file start31.tsv (TSV, C-alpha atoms)
chain	number	residue	atom	x	y	z
U	212	ASP	CA	-18.40	6.23	9.88
U	213	ALA	CA	-19.17	5.72	13.56
U	214	LYS	CA	-17.21	7.81	16.02
U	215	THR	CA	-14.73	6.22	18.39
U	216	THR	CA	-13.45	7.27	21.80
U	217	GLN	CA	-10.00	6.35	23.03
U	218	PRO	CA	-7.89	7.42	26.02
U	219	THR	CA	-5.42	10.11	25.12
U	220	SER	CA	-2.39	8.26	26.44
U	221	MET	CA	-1.27	5.11	28.20
U	222	ASP	CA	1.95	3.69	29.61
U	223	CYS	CA	2.97	0.05	29.56
U	224	ALA	CA	6.02	-1.70	30.97
U	225	GLU	CA	8.21	-3.46	28.47
U	226	GLY	CA	7.39	-7.15	28.24
U	227	ARG	CA	3.93	-6.73	29.66
U	228	ALA	CA	0.68	-6.86	27.75
U	229	ALA	CA	-0.65	-3.54	26.50
U	230	ASN	CA	-4.43	-3.32	26.48
U	231	LEU	CA	-5.80	-0.40	24.49
U	232	PRO	CA	-9.53	0.23	24.84
U	233	CYS	CA	-11.87	1.80	22.31
U	234	ASN	CA	-15.51	2.76	22.61
U	235	HIS	CA	-17.70	2.75	19.51
U	236	SER	CA	-21.23	2.73	20.89
U	237	THR	CA	-22.82	3.93	17.63
U	238	ILE	CA	-21.29	1.25	15.45
U	239	SER	CA	-23.56	-0.11	12.73
U	240	GLY	CA	-24.09	-3.74	11.93
U	241	ASN	CA	-22.02	-3.57	8.75
U	242	GLU	CA	-19.10	-1.68	10.24
U	243	TYR	CA	-15.81	-3.31	11.12
U	244	VAL	CA	-13.38	-2.27	13.82
U	245	TYR	CA	-9.92	-1.47	12.48
U	246	TRP	CA	-6.73	-0.66	14.33
U	247	TYR	CA	-3.78	1.23	12.89
U	248	ARG	CA	-0.71	2.62	14.56
U	249	GLN	CA	1.64	5.43	13.69
U	250	ILE	CA	5.19	5.46	14.90
U	251	HIS	CA	6.64	8.94	15.13
U	252	SER	CA	7.19	10.59	11.73
U	253	GLN	CA	6.08	7.52	9.78
U	254	GLY	CA	2.96	6.58	7.88
U	255	PRO	CA	0.25	4.60	9.66
U	256	GLN	CA	0.52	0.83	9.78
U	257	TYR	CA	-2.41	-1.55	9.66
U	258	ILE	CA	-2.59	-3.84	12.68
U	259	ILE	CA	-5.82	-5.83	12.68
U	260	HIS	CA	-9.52	-5.64	12.05
U	261	GLY	CA	-12.66	-7.55	13.02
U	262	LEU	CA	-16.45	-7.58	12.81
U	263	LYS	CA	-17.74	-9.38	15.90
U	264	ASN	CA	-15.46	-12.30	16.59
U	265	ASN	CA	-12.16	-11.96	18.37
U	266	GLU	CA	-9.22	-11.86	16.01
U	267	THR	CA	-5.53	-12.59	16.38
U	268	ASN	CA	-2.58	-12.17	14.10
U	269	GLU	CA	1.16	-11.98	14.48
U	270	MET	CA	1.02	-8.45	15.77
U	271	ALA	CA	-1.93	-8.31	18.13
U	272	SER	CA	-5.28	-9.60	19.32
U	273	LEU	CA	-8.59	-7.81	18.99
U	274	ILE	CA	-11.33	-8.43	21.50
U	275	ILE	CA	-14.78	-7.10	20.58
U	276	THR	CA	-17.58	-7.11	23.16
U	277	GLU	CA	-20.71	-9.06	22.38
U	278	ASP	CA	-22.75	-5.89	21.87
U	279	ARG	CA	-19.92	-4.53	19.68
U	280	LYS	CA	-19.97	-1.20	21.46
U	281	SER	CA	-16.38	-1.45	22.55
U	282	SER	CA	-13.19	-3.31	21.78
U	283	THR	CA	-9.67	-3.82	23.11
U	284	LEU	CA	-6.46	-4.15	21.19
U	285	ILE	CA	-3.96	-6.34	22.97
U	286	LEU	CA	-0.23	-6.31	22.32
U	287	PRO	CA	0.79	-9.43	24.24
U	288	HIS	CA	4.40	-8.55	24.98
U	289	ALA	CA	5.01	-4.86	24.43
U	290	THR	CA	8.46	-3.76	23.28
U	291	LEU	CA	9.97	-0.31	23.04
U	292	ARG	CA	9.29	-0.40	19.29
U	293	ASP	CA	5.56	-0.55	20.03
U	294	THR	CA	5.66	3.05	21.29
U	295	ALA	CA	3.30	4.79	18.89
U	296	VAL	CA	-0.10	6.40	18.48
U	297	TYR	CA	-2.80	3.75	18.08
U	298	TYR	CA	-5.94	4.57	16.16
U	299	CYS	CA	-9.23	2.71	16.50
U	300	ILE	CA	-11.48	3.21	13.50
U	301	VAL	CA	-14.85	1.81	12.51
U	302	ARG	CA	-15.81	1.61	8.88
U	303	VAL	CA	-17.77	-0.47	6.45
U	304	ALA	CA	-15.79	-3.25	4.86
U	305	SER	CA	-15.81	-2.10	1.28
U	306	GLY	CA	-12.20	-2.86	0.74
U	307	GLY	CA	-9.28	-0.58	0.47
U	308	TYR	CA	-11.21	1.88	-1.66
U	309	GLN	CA	-12.95	3.60	1.20
U	310	LYS	CA	-11.35	6.53	2.96
U	311	VAL	CA	-10.16	6.16	6.51
U	312	THR	CA	-11.16	8.83	9.03
U	313	PHE	CA	-8.70	9.08	11.88
U	314	GLY	CA	-9.60	10.22	15.38
U	315	THR	CA	-7.13	11.43	17.96
U	316	GLY	CA	-5.87	7.97	18.94
U	317	THR	CA	-4.06	6.72	22.04
U	318	LYS	CA	-0.41	7.53	22.52
U	319	LEU	CA	1.16	4.38	23.95
U	320	GLN	CA	4.47	4.79	25.72
U	321	VAL	CA	6.33	1.55	26.44
U	322	ILE	CA	8.61	2.03	29.40
U	323	PRO	CA	11.86	0.05	29.89
Z	30	GLY	CA	3.45	-7.49	0.75
Z	31	ALA	CA	1.90	-4.31	-0.54
Z	32	VAL	CA	4.27	-1.37	-0.42
Z	33	VAL	CA	3.54	2.30	-0.96
Z	34	SER	CA	6.39	4.72	-1.45
Z	35	GLN	CA	6.55	8.49	-1.42
Z	36	HIS	CA	9.06	10.83	-2.93
Z	37	PRO	CA	10.62	12.93	-1.66
Z	38	SER	CA	10.71	11.96	1.99
Z	39	TRP	CA	11.36	15.57	2.94
Z	40	VAL	CA	11.52	18.85	1.05
Z	41	ILE	CA	12.25	22.45	1.88
Z	42	CYS	CA	10.98	25.12	-0.47
Z	43	LYS	CA	10.62	28.86	-0.54
Z	44	SER	CA	7.34	30.62	-0.12
Z	45	GLY	CA	5.55	31.11	-3.43
Z	46	THR	CA	7.03	28.09	-5.17
Z	47	SER	CA	5.31	24.82	-6.04
Z	48	VAL	CA	6.22	21.38	-4.78
Z	49	LYS	CA	5.26	17.99	-6.21
Z	50	ILE	CA	4.98	14.89	-4.05
Z	51	GLU	CA	4.75	11.45	-5.63
Z	52	CYS	CA	2.94	8.42	-4.24
Z	53	ARG	CA	3.56	5.03	-5.81
Z	54	SER	CA	2.15	1.59	-5.19
Z	55	LEU	CA	5.18	-0.59	-5.84
Z	56	ASP	CA	3.76	-4.07	-6.21
Z	57	PHE	CA	0.06	-3.65	-6.78
Z	58	GLN	CA	-2.36	-1.59	-8.77
Z	59	ALA	CA	-4.27	1.08	-6.94
Z	60	THR	CA	-7.27	2.61	-8.64
Z	61	THR	CA	-7.86	4.72	-5.57
Z	62	MET	CA	-5.34	6.60	-3.51
Z	63	PHE	CA	-5.84	9.00	-0.64
Z	64	TRP	CA	-3.91	12.06	0.50
Z	65	TYR	CA	-3.68	13.09	4.13
Z	66	ARG	CA	-2.08	16.00	5.94
Z	67	GLN	CA	-0.84	15.90	9.49
Z	68	PHE	CA	0.23	18.88	11.56
Z	69	PRO	CA	2.51	18.39	14.60
Z	70	LYS	CA	0.84	16.54	17.47
Z	71	GLN	CA	-2.39	16.23	15.52
Z	72	SER	CA	-4.14	13.36	13.83
Z	73	LEU	CA	-4.20	12.69	10.11
Z	74	MET	CA	-6.69	14.73	8.16
Z	75	LEU	CA	-7.96	13.45	4.85
Z	76	MET	CA	-7.45	15.97	2.07
Z	77	ALA	CA	-8.69	14.19	-1.03
Z	78	THR	CA	-9.44	10.93	-2.74
Z	79	SER	CA	-7.56	10.32	-5.96
Z	80	ASN	CA	-9.10	8.11	-8.62
Z	81	GLU	CA	-7.14	6.87	-11.61
Z	82	GLY	CA	-8.27	8.54	-14.77
Z	83	SER	CA	-10.68	10.96	-13.17
Z	84	LYS	CA	-10.76	14.10	-11.08
Z	85	ALA	CA	-9.93	13.91	-7.42
Z	86	THR	CA	-12.59	14.36	-4.77
Z	87	TYR	CA	-11.60	16.94	-2.18
Z	88	GLU	CA	-12.73	17.11	1.41
Z	89	GLN	CA	-14.56	20.15	2.62
Z	90	GLY	CA	-12.26	23.06	3.26
Z	91	VAL	CA	-9.41	21.80	1.06
Z	92	GLU	CA	-8.60	24.13	-1.84
Z	93	LYS	CA	-8.51	22.08	-5.01
Z	94	ASP	CA	-6.69	24.81	-6.94
Z	95	LYS	CA	-3.95	24.90	-4.36
Z	96	PHE	CA	-3.51	21.17	-3.88
Z	97	LEU	CA	-3.46	19.68	-7.37
Z	98	ILE	CA	-3.85	15.93	-7.53
Z	99	ASN	CA	-3.13	13.82	-10.58
Z	100	HIS	CA	-3.63	10.06	-10.75
Z	101	ALA	CA	-2.36	9.29	-14.21
Z	102	SER	CA	-1.67	5.59	-13.78
Z	103	LEU	CA	-2.65	2.68	-11.58
Z	104	THR	CA	0.54	2.99	-9.60
Z	105	LEU	CA	1.17	6.71	-9.35
Z	106	SER	CA	-0.62	9.67	-7.82
Z	107	THR	CA	0.93	13.10	-7.38
Z	108	LEU	CA	0.10	15.97	-5.08
Z	109	THR	CA	1.32	19.41	-6.09
Z	110	VAL	CA	1.23	22.16	-3.52
Z	111	THR	CA	1.03	25.35	-5.55
Z	112	SER	CA	2.24	28.73	-4.35
Z	113	ALA	CA	3.30	27.22	-1.06
Z	114	HIS	CA	3.16	29.27	2.13
Z	115	PRO	CA	4.66	28.57	5.55
Z	116	GLU	CA	1.25	27.43	6.82
Z	117	ASP	CA	1.40	24.61	4.25
Z	118	SER	CA	4.34	23.15	6.14
Z	119	SER	CA	3.14	19.74	7.25
Z	120	PHE	CA	3.56	15.99	6.98
Z	121	TYR	CA	1.80	14.70	3.85
Z	122	ILE	CA	0.87	11.02	3.71
Z	123	CYS	CA	-0.69	9.00	0.93
Z	124	SER	CA	-2.40	5.64	1.07
Z	125	ALA	CA	-3.61	3.15	-1.50
Z	126	GLY	CA	-6.29	0.54	-1.52
Z	127	ARG	CA	-5.70	-2.89	-2.93
Z	128	ARG	CA	-8.28	-4.92	-4.77
Z	129	ALA	CA	-9.77	-7.76	-2.75
Z	130	SER	CA	-8.21	-6.51	0.46
Z	131	TYR	CA	-9.71	-4.74	3.42
Z	132	GLU	CA	-6.43	-3.07	4.17
Z	133	GLN	CA	-5.24	0.31	3.16
Z	134	TYR	CA	-1.52	0.72	2.77
Z	135	PHE	CA	0.13	3.93	3.80
Z	136	GLY	CA	3.24	5.57	2.47
Z	137	PRO	CA	6.06	6.72	4.76
Z	138	GLY	CA	5.07	10.37	4.45
Z	139	THR	CA	6.70	13.52	3.08
Z	140	ARG	CA	7.80	16.31	5.39
Z	141	LEU	CA	7.26	19.69	3.69
Z	142	THR	CA	8.81	22.82	5.13
Z	143	VAL	CA	8.05	26.14	3.48
Z	144	THR	CA	10.40	28.97	4.40

call {"tool": "encode", "arguments": {"input": "start31.tsv", "output": "structure tokens"}}
result
Amino acid sequence: DAKTTQPTSMDCAEGRAANLPCNHSTISGNEYVYWYRQIHSQGPQYIIHGLKNNETNEMASLIITEDRKSSTLILPHATLRDTAVYYCIVRVASGGYQKVTFGTGTKLQVIP
Amino acid sequence: GAVVSQHPSWVICKSGTSVKIECRSLDFQATTMFWYRQFPKQSLMLMATSNEGSKATYEQGVEKDKFLINHASLTLSTLTVTSAHPEDSSFYICSAGRRASYEQYFGPGTRLTVT
């Protein structure tokens, strides 16, 4: 799996959009970008994934640059419950049977 | 939706004893499950891949005789920490893959404390 680079931590004001960047300059053509988050002392939660087009679901939006070397996860209206560690992962899309390798992630603190 | 449960959610045991942690996929069949370990303020580290009906595949540096994994059915995988020591104290998390889905579903984790 390609390696990703994320900022160690970020703050965001409650109600504002949280934009979490991720660099994955060595991503291969068949690798997807996945985002998970882990709230303190809980298991990780899947957020969103994409290949090259921007994606949106009820939780977040994923913006992938045209060269696919970086992406941004957007939480449109951050709440205190969004405080968590966010992991950006790139992996081939072989379904849920492939192991997930976690990096260090970004610790997002949403501030009241 | 797909739910993965773990039991127990936390356990305290004495050094030298063995502890079994269960991971269940509640509403789907999981031929493959994964076990992770997470130390405080660190990221998740994959320990092993558990395949139903076959031997688990362990990551480099993980002792297979110490961390016994059994995947006896399509909905249950167990991790047994044998002869536990205080350095085995950690947060253990399992995940399961679902057929025809790109997602991997994670359990809530089990906090193990060895005294």

call {"tool": "interface_residues", "arguments": {"input": "start31.tsv", "of": "chain Z", "to": "chain U", "cutoff": "6 Å", "atoms": "all atoms listed in the file", "output": "number ranges by chain"}}
result
Z: 61, 72, 126-127, 130-133, 135-138

call {"tool": "residues_around", "arguments": {"input": "start31.tsv", "residues": "Thr290 of chain U", "least_positions_apart": "4", "cutoff": "8 Å", "atoms": "all atoms listed in the file", "output": "PyMOL selection string"}}
result
chain U and resi 225-226+294+321

call {"tool": "closest_residue", "arguments": {"input": "start31.tsv", "among": "Z:Thr109, Z:Thr86, Z:Ser124, Z:Asn80", "to": "Cys52 of chain Z", "atoms": "only C-alpha atoms"}}
result
Z:Ser124

call {"tool": "atom_distance", "arguments": {"input": "start31.tsv", "atom1": "atom CA of Gln35 of chain Z", "atom2": "atom CA of Gln58 of chain Z"}}
result
15.3 Å

call {"tool": "atom_distance", "arguments": {"input": "start31.tsv", "atom1": "atom CA of Asn241 of chain U", "atom2": "atom CA of Ser282 of chain U"}}
result
15.7 Å

call {"tool": "residues_near_point", "arguments": {"input": "start31.tsv", "point": "(-10.4, 18.2, 1.0)", "cutoff": "7 Å", "atoms": "only C-alpha atoms", "output": "PDB file with C-alpha atoms, in the coordinates of the input"}}
result
ATOM      1  CA  LEU Z  75      -7.960  13.450   4.850  1.00  0.00           C
ATOM      2  CA  MET Z  76      -7.450  15.970   2.070  1.00  0.00           C
ATOM      3  CA  ALA Z  77      -8.690  14.190  -1.030  1.00  0.00           C
ATOM      4  CA  TYR Z  87     -11.600  16.940  -2.180  1.00  0.00           C
ATOM      5  CA  GLU Z  88     -12.730  17.110   1.410  1.00  0.00           C
ATOM      6  CA  GLN Z  89     -14.560  20.150   2.620  1.00  0.00           C
ATOM      7  CA  GLY Z  90     -12.260  23.060   3.260  1.00  0.00           C
ATOM      8  CA  VAL Z  91      -9.410  21.800   1.060  1.00  0.00           C
ATOM      9  CA  GLU Z  92      -8.600  24.130  -1.840  1.00  0.00           C
TER      10      GLU Z  92
END

call {"tool": "build_atoms", "arguments": {"input": "start31.tsv", "residues": "segment 42-66 of chain Z", "atoms": "N, CA, C and O atoms", "output": "PDB file, keeping the file's coordinate frame"}}
result
ATOM      1  N   CYS Z  42      11.154  24.226   0.665  1.00  0.00           N
ATOM      2  CA  CYS Z  42      10.980  25.120  -0.470  1.00  0.00           C
ATOM      3  C   CYS Z  42      10.701  26.532   0.017  1.00  0.00           C
ATOM      4  O   CYS Z  42      10.336  26.740   1.179  1.00  0.00           O
ATOM      5  N   LYS Z  43      10.862  27.468  -0.886  1.00  0.00           N
ATOM      6  CA  LYS Z  43      10.620  28.860  -0.540  1.00  0.00           C
ATOM      7  C   LYS Z  43       9.170  29.226  -0.778  1.00  0.00           C
ATOM      8  O   LYS Z  43       8.494  28.663  -1.653  1.00  0.00           O
ATOM      9  N   SER Z  44       8.712  30.159  -0.002  1.00  0.00           N
ATOM     10  CA  SER Z  44       7.340  30.620  -0.120  1.00  0.00           C
ATOM     11  C   SER Z  44       7.065  31.104  -1.532  1.00  0.00           C
ATOM     12  O   SER Z  44       7.881  31.811  -2.132  1.00  0.00           O
ATOM     13  N   GLY Z  45       5.928  30.698  -2.092  1.00  0.00           N
ATOM     14  CA  GLY Z  45       5.550  31.110  -3.430  1.00  0.00           C
ATOM     15  C   GLY Z  45       5.868  30.090  -4.510  1.00  0.00           C
ATOM     16  O   GLY Z  45       5.361  30.194  -5.633  1.00  0.00           O
ATOM     17  N   THR Z  46       6.696  29.123  -4.195  1.00  0.00           N
ATOM     18  CA  THR Z  46       7.030  28.090  -5.170  1.00  0.00           C
ATOM     19  C   THR Z  46       6.073  26.916  -5.057  1.00  0.00           C
ATOM     20  O   THR Z  46       5.270  26.831  -4.139  1.00  0.00           O
ATOM     21  N   SER Z  47       6.159  26.014  -6.028  1.00  0.00           N
ATOM     22  CA  SER Z  47       5.310  24.820  -6.040  1.00  0.00           C
ATOM     23  C   SER Z  47       6.142  23.579  -5.762  1.00  0.00           C
ATOM     24  O   SER Z  47       7.312  23.502  -6.140  1.00  0.00           O
ATOM     25  N   VAL Z  48       5.535  22.619  -5.126  1.00  0.00           N
ATOM     26  CA  VAL Z  48       6.220  21.380  -4.780  1.00  0.00           C
ATOM     27  C   VAL Z  48       5.356  20.191  -5.176  1.00  0.00           C
ATOM     28  O   VAL Z  48       4.147  20.194  -4.907  1.00  0.00           O
ATOM     29  N   LYS Z  49       5.975  19.201  -5.811  1.00  0.00           N
ATOM     30  CA  LYS Z  49       5.260  17.990  -6.210  1.00  0.00           C
ATOM     31  C   LYS Z  49       5.702  16.814  -5.360  1.00  0.00           C
ATOM     32  O   LYS Z  49       6.890  16.572  -5.188  1.00  0.00           O
ATOM     33  N   ILE Z  50       4.731  16.084  -4.852  1.00  0.00           N
ATOM     34  CA  ILE Z  50       4.980  14.890  -4.050  1.00  0.00           C
ATOM     35  C   ILE Z  50       4.394  13.690  -4.793  1.00  0.00           C
ATOM     36  O   ILE Z  50       3.249  13.735  -5.235  1.00  0.00           O
ATOM     37  N   GLU Z  51       5.197  12.648  -4.921  1.00  0.00           N
ATOM     38  CA  GLU Z  51       4.750  11.450  -5.630  1.00  0.00           C
ATOM     39  C   GLU Z  51       4.385  10.336  -4.642  1.00  0.00           C
ATOM     40  O   GLU Z  51       5.030  10.164  -3.613  1.00  0.00           O
ATOM     41  N   CYS Z  52       3.368   9.588  -5.008  1.00  0.00           N
ATOM     42  CA  CYS Z  52       2.940   8.420  -4.240  1.00  0.00           C
ATOM     43  C   CYS Z  52       2.828   7.250  -5.193  1.00  0.00           C
ATOM     44  O   CYS Z  52       2.078   7.323  -6.179  1.00  0.00           O
ATOM     45  N   ARG Z  53       3.547   6.195  -4.921  1.00  0.00           N
ATOM     46  CA  ARG Z  53       3.560   5.030  -5.810  1.00  0.00           C
ATOM     47  C   ARG Z  53       3.201   3.758  -5.057  1.00  0.00           C
ATOM     48  O   ARG Z  53       3.677   3.526  -3.940  1.00  0.00           O
ATOM     49  N   SER Z  54       2.383   2.941  -5.685  1.00  0.00           N
ATOM     50  CA  SER Z  54       2.150   1.590  -5.190  1.00  0.00           C
ATOM     51  C   SER Z  54       3.140   0.702  -5.942  1.00  0.00           C
ATOM     52  O   SER Z  54       3.108   0.616  -7.158  1.00  0.00           O
ATOM     53  N   LEU Z  55       4.039   0.076  -5.209  1.00  0.00           N
ATOM     54  CA  LEU Z  55       5.180  -0.590  -5.840  1.00  0.00           C
ATOM     55  C   LEU Z  55       4.862  -1.965  -6.400  1.00  0.00           C
ATOM     56  O   LEU Z  55       5.450  -2.390  -7.383  1.00  0.00           O
ATOM     57  N   ASP Z  56       3.973  -2.686  -5.781  1.00  0.00           N
ATOM     58  CA  ASP Z  56       3.760  -4.070  -6.210  1.00  0.00           C
ATOM     59  C   ASP Z  56       2.287  -4.412  -6.370  1.00  0.00           C
ATOM     60  O   ASP Z  56       1.918  -5.590  -6.360  1.00  0.00           O
ATOM     61  N   PHE Z  57       1.463  -3.384  -6.517  1.00  0.00           N
ATOM     62  CA  PHE Z  57       0.060  -3.650  -6.780  1.00  0.00           C
ATOM     63  C   PHE Z  57      -0.548  -2.445  -7.483  1.00  0.00           C
ATOM     64  O   PHE Z  57       0.000  -1.349  -7.459  1.00  0.00           O
ATOM     65  N   GLN Z  58      -1.676  -2.666  -8.096  1.00  0.00           N
ATOM     66  CA  GLN Z  58      -2.360  -1.590  -8.770  1.00  0.00           C
ATOM     67  C   GLN Z  58      -3.374  -0.950  -7.827  1.00  0.00           C
ATOM     68  O   GLN Z  58      -4.099  -1.648  -7.118  1.00  0.00           O
ATOM     69  N   ALA Z  59      -3.401   0.343  -7.847  1.00  0.00           N
ATOM     70  CA  ALA Z  59      -4.270   1.080  -6.940  1.00  0.00           C
ATOM     71  C   ALA Z  59      -5.136   2.044  -7.746  1.00  0.00           C
ATOM     72  O   ALA Z  59      -4.650   3.083  -8.195  1.00  0.00           O
ATOM     73  N   THR Z  60      -6.384   1.695  -7.924  1.00  0.00           N
ATOM     74  CA  THR Z  60      -7.270   2.610  -8.640  1.00  0.00           C
ATOM     75  C   THR Z  60      -7.656   3.798  -7.778  1.00  0.00           C
ATOM     76  O   THR Z  60      -8.066   4.821  -8.296  1.00  0.00           O
ATOM     77  N   THR Z  61      -7.518   3.644  -6.494  1.00  0.00           N
ATOM     78  CA  THR Z  61      -7.860   4.720  -5.570  1.00  0.00           C
ATOM     79  C   THR Z  61      -6.715   4.968  -4.601  1.00  0.00           C
ATOM     80  O   THR Z  61      -6.192   4.027  -4.009  1.00  0.00           O
ATOM     81  N   MET Z  62      -6.340   6.201  -4.487  1.00  0.00           N
ATOM     82  CA  MET Z  62      -5.340   6.600  -3.510  1.00  0.00           C
ATOM     83  C   MET Z  62      -5.883   7.779  -2.712  1.00  0.00           C
ATOM     84  O   MET Z  62      -6.762   8.506  -3.178  1.00  0.00           O
ATOM     85  N   PHE Z  63      -5.370   7.945  -1.528  1.00  0.00           N
ATOM     86  CA  PHE Z  63      -5.840   9.000  -0.640  1.00  0.00           C
ATOM     87  C   PHE Z  63      -4.659   9.862  -0.188  1.00  0.00           C
ATOM     88  O   PHE Z  63      -3.554   9.361  -0.009  1.00  0.00           O
ATOM     89  N   TRP Z  64      -4.929  11.143  -0.006  1.00  0.00           N
ATOM     90  CA  TRP Z  64      -3.910  12.060   0.500  1.00  0.00           C
ATOM     91  C   TRP Z  64      -4.349  12.639   1.831  1.00  0.00           C
ATOM     92  O   TRP Z  64      -5.479  13.109   1.981  1.00  0.00           O
ATOM     93  N   TYR Z  65      -3.435  12.574   2.793  1.00  0.00           N
ATOM     94  CA  TYR Z  65      -3.680  13.090   4.130  1.00  0.00           C
ATOM     95  C   TYR Z  65      -2.646  14.154   4.465  1.00  0.00           C
ATOM     96  O   TYR Z  65      -1.547  14.176   3.932  1.00  0.00           O
ATOM     97  N   ARG Z  66      -3.011  14.995   5.415  1.00  0.00           N
ATOM     98  CA  ARG Z  66      -2.080  16.000   5.940  1.00  0.00           C
ATOM     99  C   ARG Z  66      -2.095  15.870   7.456  1.00  0.00           C
ATOM    100  O   ARG Z  66      -3.150  15.641   8.064  1.00  0.00           O
TER     101      ARG Z  66
END
